[in-house]
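K.L.:
Okay, so here is upload_3.cif, and as you'll see once you scroll down, it has mmCIF, C-alpha atoms.
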data_my_file
loop_
_atom_site.label_atom_id
_atom_site.label_comp_id
_atom_site.auth_asym_id
_atom_site.auth_seq_id
_atom_site.Cartn_x
_atom_site.Cartn_y
_atom_site.Cartn_z
CA MET A 143 99.32 76.11 145.52
CA ARG A 144 96.84 78.44 147.20
CA ALA A 145 99.61 80.89 148.07
CA GLU A 146 100.88 80.85 144.48
CA LEU A 147 97.41 81.56 143.15
CA ALA A 148 96.63 84.20 145.77
CA ASP A 149 99.74 86.14 144.73
CA GLY A 150 99.01 86.04 141.00
CA GLY A 151 97.59 83.30 138.87
CA ALA A 152 98.23 80.25 136.75
CA LEU A 153 97.73 79.20 133.18
CA VAL A 154 97.42 75.64 131.96
CA ALA A 155 97.84 73.93 128.61
CA GLU A 156 95.47 71.07 127.95
CA HIS A 157 95.20 68.27 125.43
CA GLY A 158 91.67 66.98 125.67
CA ALA A 159 90.97 66.52 129.37
CA THR A 160 94.67 66.23 130.29
CA VAL A 161 96.73 69.13 131.63
CA VAL A 162 100.06 68.89 129.77
CA GLY A 163 101.70 72.07 131.05
CA CYS A 164 101.31 74.96 133.46
CA VAL A 165 102.91 78.19 134.57
CA PHE A 166 102.35 80.52 137.51
CA TRP A 167 102.73 84.28 137.31
CA HIS A 168 103.01 87.03 139.91
CA PRO A 169 102.84 90.83 139.65
CA ARG A 170 106.15 92.40 140.75
CA ASP A 171 106.77 96.15 140.72
CA ASP A 172 106.23 97.23 137.11
CA GLY A 173 106.44 93.71 135.69
CA ILE A 174 105.27 90.13 135.89
CA TYR A 175 107.33 87.29 137.39
CA LEU A 176 106.98 84.03 135.46
CA ASP A 177 107.26 81.11 137.89
CA ARG A 178 107.32 77.32 137.81
CA LEU A 179 106.86 76.65 134.10
CA ALA A 180 106.37 72.90 133.67
CA VAL A 181 105.50 70.68 130.72
CA LEU A 182 104.94 66.92 130.92
CA PRO A 183 107.88 65.05 129.35
CA PRO A 184 105.94 63.60 126.38
CA TRP A 185 104.83 67.12 125.43
CA ARG A 186 108.24 68.81 125.60
CA GLY A 187 109.53 69.99 122.24
CA HIS A 188 106.02 70.53 120.87
CA GLY A 189 105.73 74.27 121.61
CA VAL A 190 103.68 73.93 124.80
CA GLY A 191 106.19 75.84 126.95
CA ARG A 192 106.55 78.54 124.31
CA ARG A 193 102.78 79.03 124.14
CA LEU A 194 102.57 79.28 127.93
CA VAL A 195 105.38 81.89 127.99
CA ASP A 196 103.66 83.78 125.15
CA ALA A 197 100.41 83.73 127.15
CA VAL A 198 102.13 85.16 130.24
CA GLU A 199 103.73 87.87 128.11
CA ALA A 200 100.34 88.75 126.57
CA LEU A 201 98.77 88.86 130.03
CA ALA A 202 101.62 91.13 131.19
CA ARG A 203 101.20 93.49 128.22
CA ASP A 204 97.44 93.68 128.78
CA ALA A 205 98.12 94.56 132.43
CA GLY A 206 100.48 97.37 131.40
CA ALA A 207 103.60 95.59 132.68
CA HIS A 208 106.94 96.76 131.32
CA HIS A 209 108.72 93.40 131.49
CA VAL A 210 108.54 89.71 132.39
CA SER A 211 111.24 88.25 134.62
CA LEU A 212 112.07 84.76 135.84
CA SER A 213 114.80 82.83 137.64
CA VAL A 214 116.67 79.78 136.38
CA ARG A 215 119.20 77.65 138.25
CA LEU A 216 122.73 77.99 136.90
CA ALA A 217 122.96 74.22 136.47
CA LEU A 218 120.05 74.25 133.99
CA GLU A 219 122.00 75.46 130.96
CA ARG A 220 119.48 74.25 128.37
CA GLN A 221 116.66 76.14 130.07
CA ARG A 222 118.76 79.32 130.26
CA ALA A 223 119.57 79.00 126.56
CA TRP A 224 115.92 78.38 125.72
CA TYR A 225 114.80 81.51 127.57
CA ALA A 226 117.59 83.48 125.86
CA SER A 227 116.21 82.31 122.49
CA LEU A 228 112.87 83.84 123.54
CA GLY A 229 114.49 87.22 124.23
CA TYR A 230 115.22 86.94 127.96
CA GLY A 231 118.49 88.52 129.04
CA PHE A 232 120.62 88.47 132.17
CA LEU A 233 119.49 90.76 134.99
CA SER A 234 121.21 89.45 138.13
CA GLU A 235 122.61 86.46 140.01
CA GLY A 236 121.10 84.97 143.14
CA THR A 237 122.14 82.52 145.80
CA HIS A 238 119.86 79.97 147.44
CA PRO A 239 120.05 79.73 151.26
CA GLY A 240 122.88 77.51 152.43
CA TYR A 241 125.15 78.16 149.44
CA ASP A 242 128.21 80.41 149.36
CA ARG A 243 128.14 81.22 145.64
CA PRO A 244 125.45 82.06 143.05
CA THR A 245 123.05 79.25 142.22
CA ASN A 246 120.61 81.01 139.88
CA VAL A 247 120.18 83.90 137.49
CA THR A 248 117.28 86.25 137.03
CA LEU A 249 116.42 86.91 133.41
CA ARG A 250 114.23 89.70 132.07
CA LYS A 251 112.47 90.48 128.82
CA PRO A 252 111.27 94.02 128.16
CA LEU A 253 107.80 94.20 126.67
CA ALA A 254 106.56 96.44 123.92
CA PRO A 255 103.26 98.09 124.86
CA SER A 256 100.00 96.51 123.64
CA THR A 257 98.59 98.01 120.48
#
What does the file become when written as structure tokens?

P.N.:
Amino acid sequence: MRAELADGGALVAEHGATVVGCVFWHPRDDGIYLDRLAVLPPWRGHGVGRRLVDAVEALARDAGAHHVSLSVRLALERQRAWYASLGYGFLSEGTHPGYDRPTNVTLRKPLAPST
């Protein structure tokens, strides 16, 4: 956790005193890498994840970043489709250590400059 925070930051979504979602972010080249988005199961489907992604994108725009990127495992088809619905497109494939074929994709969304 400390390493994640030292390399960027985190945002949380709260309901009262309960954290119901979180996301980490990291500066990378001319963009921001969105990492480890998580929402508690009872809160999924209520827009929590979308608001966290929107917050990372706003943070990225304010920082002058040109894009937000993220990685999703190939097996997680619903998550890939969800990110596509938010404007994230294919950038590249990746392979986790120990595998002989791609296991994930990197997706990227270009950002319009802040106004």

K.L.:
Near Thr245 of chain A, counting only C-alpha atoms, which residues have an atom at most 8 Å away, once you skip same-chain residues fewer than 4 positions from it, shown as a PyMOL selection string?

P.N.:
chain A and resi 215-217+235-238+241

K.L.:
What does the structure give for the distance between atom CA of Leu176 of chain A and atom CA of Asp242 of chain A, in Å to one decimal?

P.N.:
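For atom CA of Leu176 of chain A relative to atom CA of Asp242 of chain A, the distance reads 25.6 Å.
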
K.L.:
Between atom CA of Ala152 of chain A and atom CA of Pro184 of chain A, what is the distance, to one decimal in Å?

P.N.:
21.1 Å

K.L.:
How many Å lie between atom CA of Pro252 of chain A and atom CA of Arg186 of chain A, rounded to one decimal?

P.N.:
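So the two atoms, atom CA of Pro252 of chain A and atom CA of Arg186 of chain A, lie 25.5 Å apart.
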
K.L.:
When you count all atoms listed in the file, which of these residues is closest to Leu201 of chain A: A:Leu249, A:Leu147, A:Leu153, A:Val214?

P.N.:
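Using all atoms listed in the file, the shortest distance to Leu201 of chain A belongs to A:Leu153.
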
K.L.:
Which residue, A:Arg144, A:Ala254, A:Val247, A:Asp177, has the smallest gap to Ala223 of chain A when you use only C-alpha atoms?

P.N.:
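Of all the options, A:Val247 lies closest to Ala223 of chain A.
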
K.L.:
So, counting only C-alpha atoms, which residue among A:Ala148, A:Glu199, A:His208, A:Leu194 is closest to Asp171 of chain A?

P.N.:
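Of all the options, A:His208 lies closest to Asp171 of chain A.
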
K.L.:
Could you tell me which residues the PyMOL selection byres ((chain A and resi 193) around 12) returns for this structure, as a ChimeraX atom specification?

P.N.:
/A:153-156,162-165,179-181,186-192,194-200,228

K.L.:
Can I get the selection written as a compact mmCIF listing (two decimals), keeping the file's coordinate frame, with C-alpha atoms?

P.N.:
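Saved the output as selection.txt:
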# COMPACT_ATOMS: atom_id res chain seq x y z
CA LEU A 153 97.73 79.20 133.18
CA VAL A 154 97.42 75.64 131.96
CA ALA A 155 97.84 73.93 128.61
CA GLU A 156 95.47 71.07 127.95
CA VAL A 162 100.06 68.89 129.77
CA GLY A 163 101.70 72.07 131.05
CA CYS A 164 101.31 74.96 133.46
CA VAL A 165 102.91 78.19 134.57
CA LEU A 179 106.86 76.65 134.10
CA ALA A 180 106.37 72.90 133.67
CA VAL A 181 105.50 70.68 130.72
CA ARG A 186 108.24 68.81 125.60
CA GLY A 187 109.53 69.99 122.24
CA HIS A 188 106.02 70.53 120.87
CA GLY A 189 105.73 74.27 121.61
CA VAL A 190 103.68 73.93 124.80
CA GLY A 191 106.19 75.84 126.95
CA ARG A 192 106.55 78.54 124.31
CA LEU A 194 102.57 79.28 127.93
CA VAL A 195 105.38 81.89 127.99
CA ASP A 196 103.66 83.78 125.15
CA ALA A 197 100.41 83.73 127.15
CA VAL A 198 102.13 85.16 130.24
CA GLU A 199 103.73 87.87 128.11
CA ALA A 200 100.34 88.75 126.57
CA LEU A 228 112.87 83.84 123.54

K.L.:
Which one of A:Gly158, A:Pro244, A:Gly229, A:Gly206 sits closest to Gly173 of chain A if you count all atoms listed in the file?

P.N.:
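Of A:Gly158, A:Pro244, A:Gly229, A:Gly206, the one nearest Gly173 of chain A is A:Gly206, counting all atoms listed in the file.
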
K.L.:
Given all atoms listed in the file as the basis, pick out the residue of A:Asn246, A:Asp172, A:Asp149, A:Phe232 nearest to His209 of chain A.

P.N.:
A:Asp172

K.L.:
With distances taken over only C-alpha atoms, which of A:Leu182, A:Glu146, A:Ala202, A:Thr248 is nearest to Phe166 of chain A?

P.N.:
A:Glu146

K.L.:
Please complete segment 226-237 of chain A with N, CA and C atoms and give it back as a PDB file, keeping the file's coordinate frame.

P.N.:
ATOM      1  N   ALA A 226     116.843  82.492 126.642  1.00  0.00           N
ATOM      2  CA  ALA A 226     117.590  83.480 125.860  1.00  0.00           C
ATOM      3  C   ALA A 226     117.070  83.508 124.421  1.00  0.00           C
ATOM      4  N   SER A 227     116.733  82.354 123.867  1.00  0.00           N
ATOM      5  CA  SER A 227     116.210  82.310 122.490  1.00  0.00           C
ATOM      6  C   SER A 227     114.848  82.992 122.383  1.00  0.00           C
ATOM      7  N   LEU A 228     114.163  83.151 123.508  1.00  0.00           N
ATOM      8  CA  LEU A 228     112.870  83.840 123.540  1.00  0.00           C
ATOM      9  C   LEU A 228     113.014  85.324 123.847  1.00  0.00           C
ATOM     10  N   GLY A 229     114.257  85.799 124.000  1.00  0.00           N
ATOM     11  CA  GLY A 229     114.490  87.220 124.230  1.00  0.00           C
ATOM     12  C   GLY A 229     114.748  87.610 125.666  1.00  0.00           C
ATOM     13  N   TYR A 230     114.951  86.644 126.550  1.00  0.00           N
ATOM     14  CA  TYR A 230     115.220  86.940 127.960  1.00  0.00           C
ATOM     15  C   TYR A 230     116.718  87.118 128.160  1.00  0.00           C
ATOM     16  N   GLY A 231     117.093  88.219 128.805  1.00  0.00           N
ATOM     17  CA  GLY A 231     118.490  88.520 129.040  1.00  0.00           C
ATOM     18  C   GLY A 231     118.827  88.580 130.521  1.00  0.00           C
ATOM     19  N   PHE A 232     120.108  88.473 130.798  1.00  0.00           N
ATOM     20  CA  PHE A 232     120.620  88.470 132.170  1.00  0.00           C
ATOM     21  C   PHE A 232     120.245  89.756 132.893  1.00  0.00           C
ATOM     22  N   LEU A 233     119.770  89.625 134.118  1.00  0.00           N
ATOM     23  CA  LEU A 233     119.490  90.760 134.990  1.00  0.00           C
ATOM     24  C   LEU A 233     120.366  90.721 136.229  1.00  0.00           C
ATOM     25  N   SER A 234     120.429  89.549 136.897  1.00  0.00           N
ATOM     26  CA  SER A 234     121.210  89.450 138.130  1.00  0.00           C
ATOM     27  C   SER A 234     121.454  87.998 138.491  1.00  0.00           C
ATOM     28  N   GLU A 235     122.366  87.791 139.448  1.00  0.00           N
ATOM     29  CA  GLU A 235     122.610  86.460 140.010  1.00  0.00           C
ATOM     30  C   GLU A 235     121.975  86.385 141.383  1.00  0.00           C
ATOM     31  N   GLY A 236     121.641  85.182 141.800  1.00  0.00           N
ATOM     32  CA  GLY A 236     121.100  84.970 143.140  1.00  0.00           C
ATOM     33  C   GLY A 236     121.708  83.737 143.756  1.00  0.00           C
ATOM     34  N   THR A 237     121.584  83.639 145.066  1.00  0.00           N
ATOM     35  CA  THR A 237     122.140  82.520 145.800  1.00  0.00           C
ATOM     36  C   THR A 237     121.060  81.928 146.707  1.00  0.00           C
TER      37      THR A 237
END
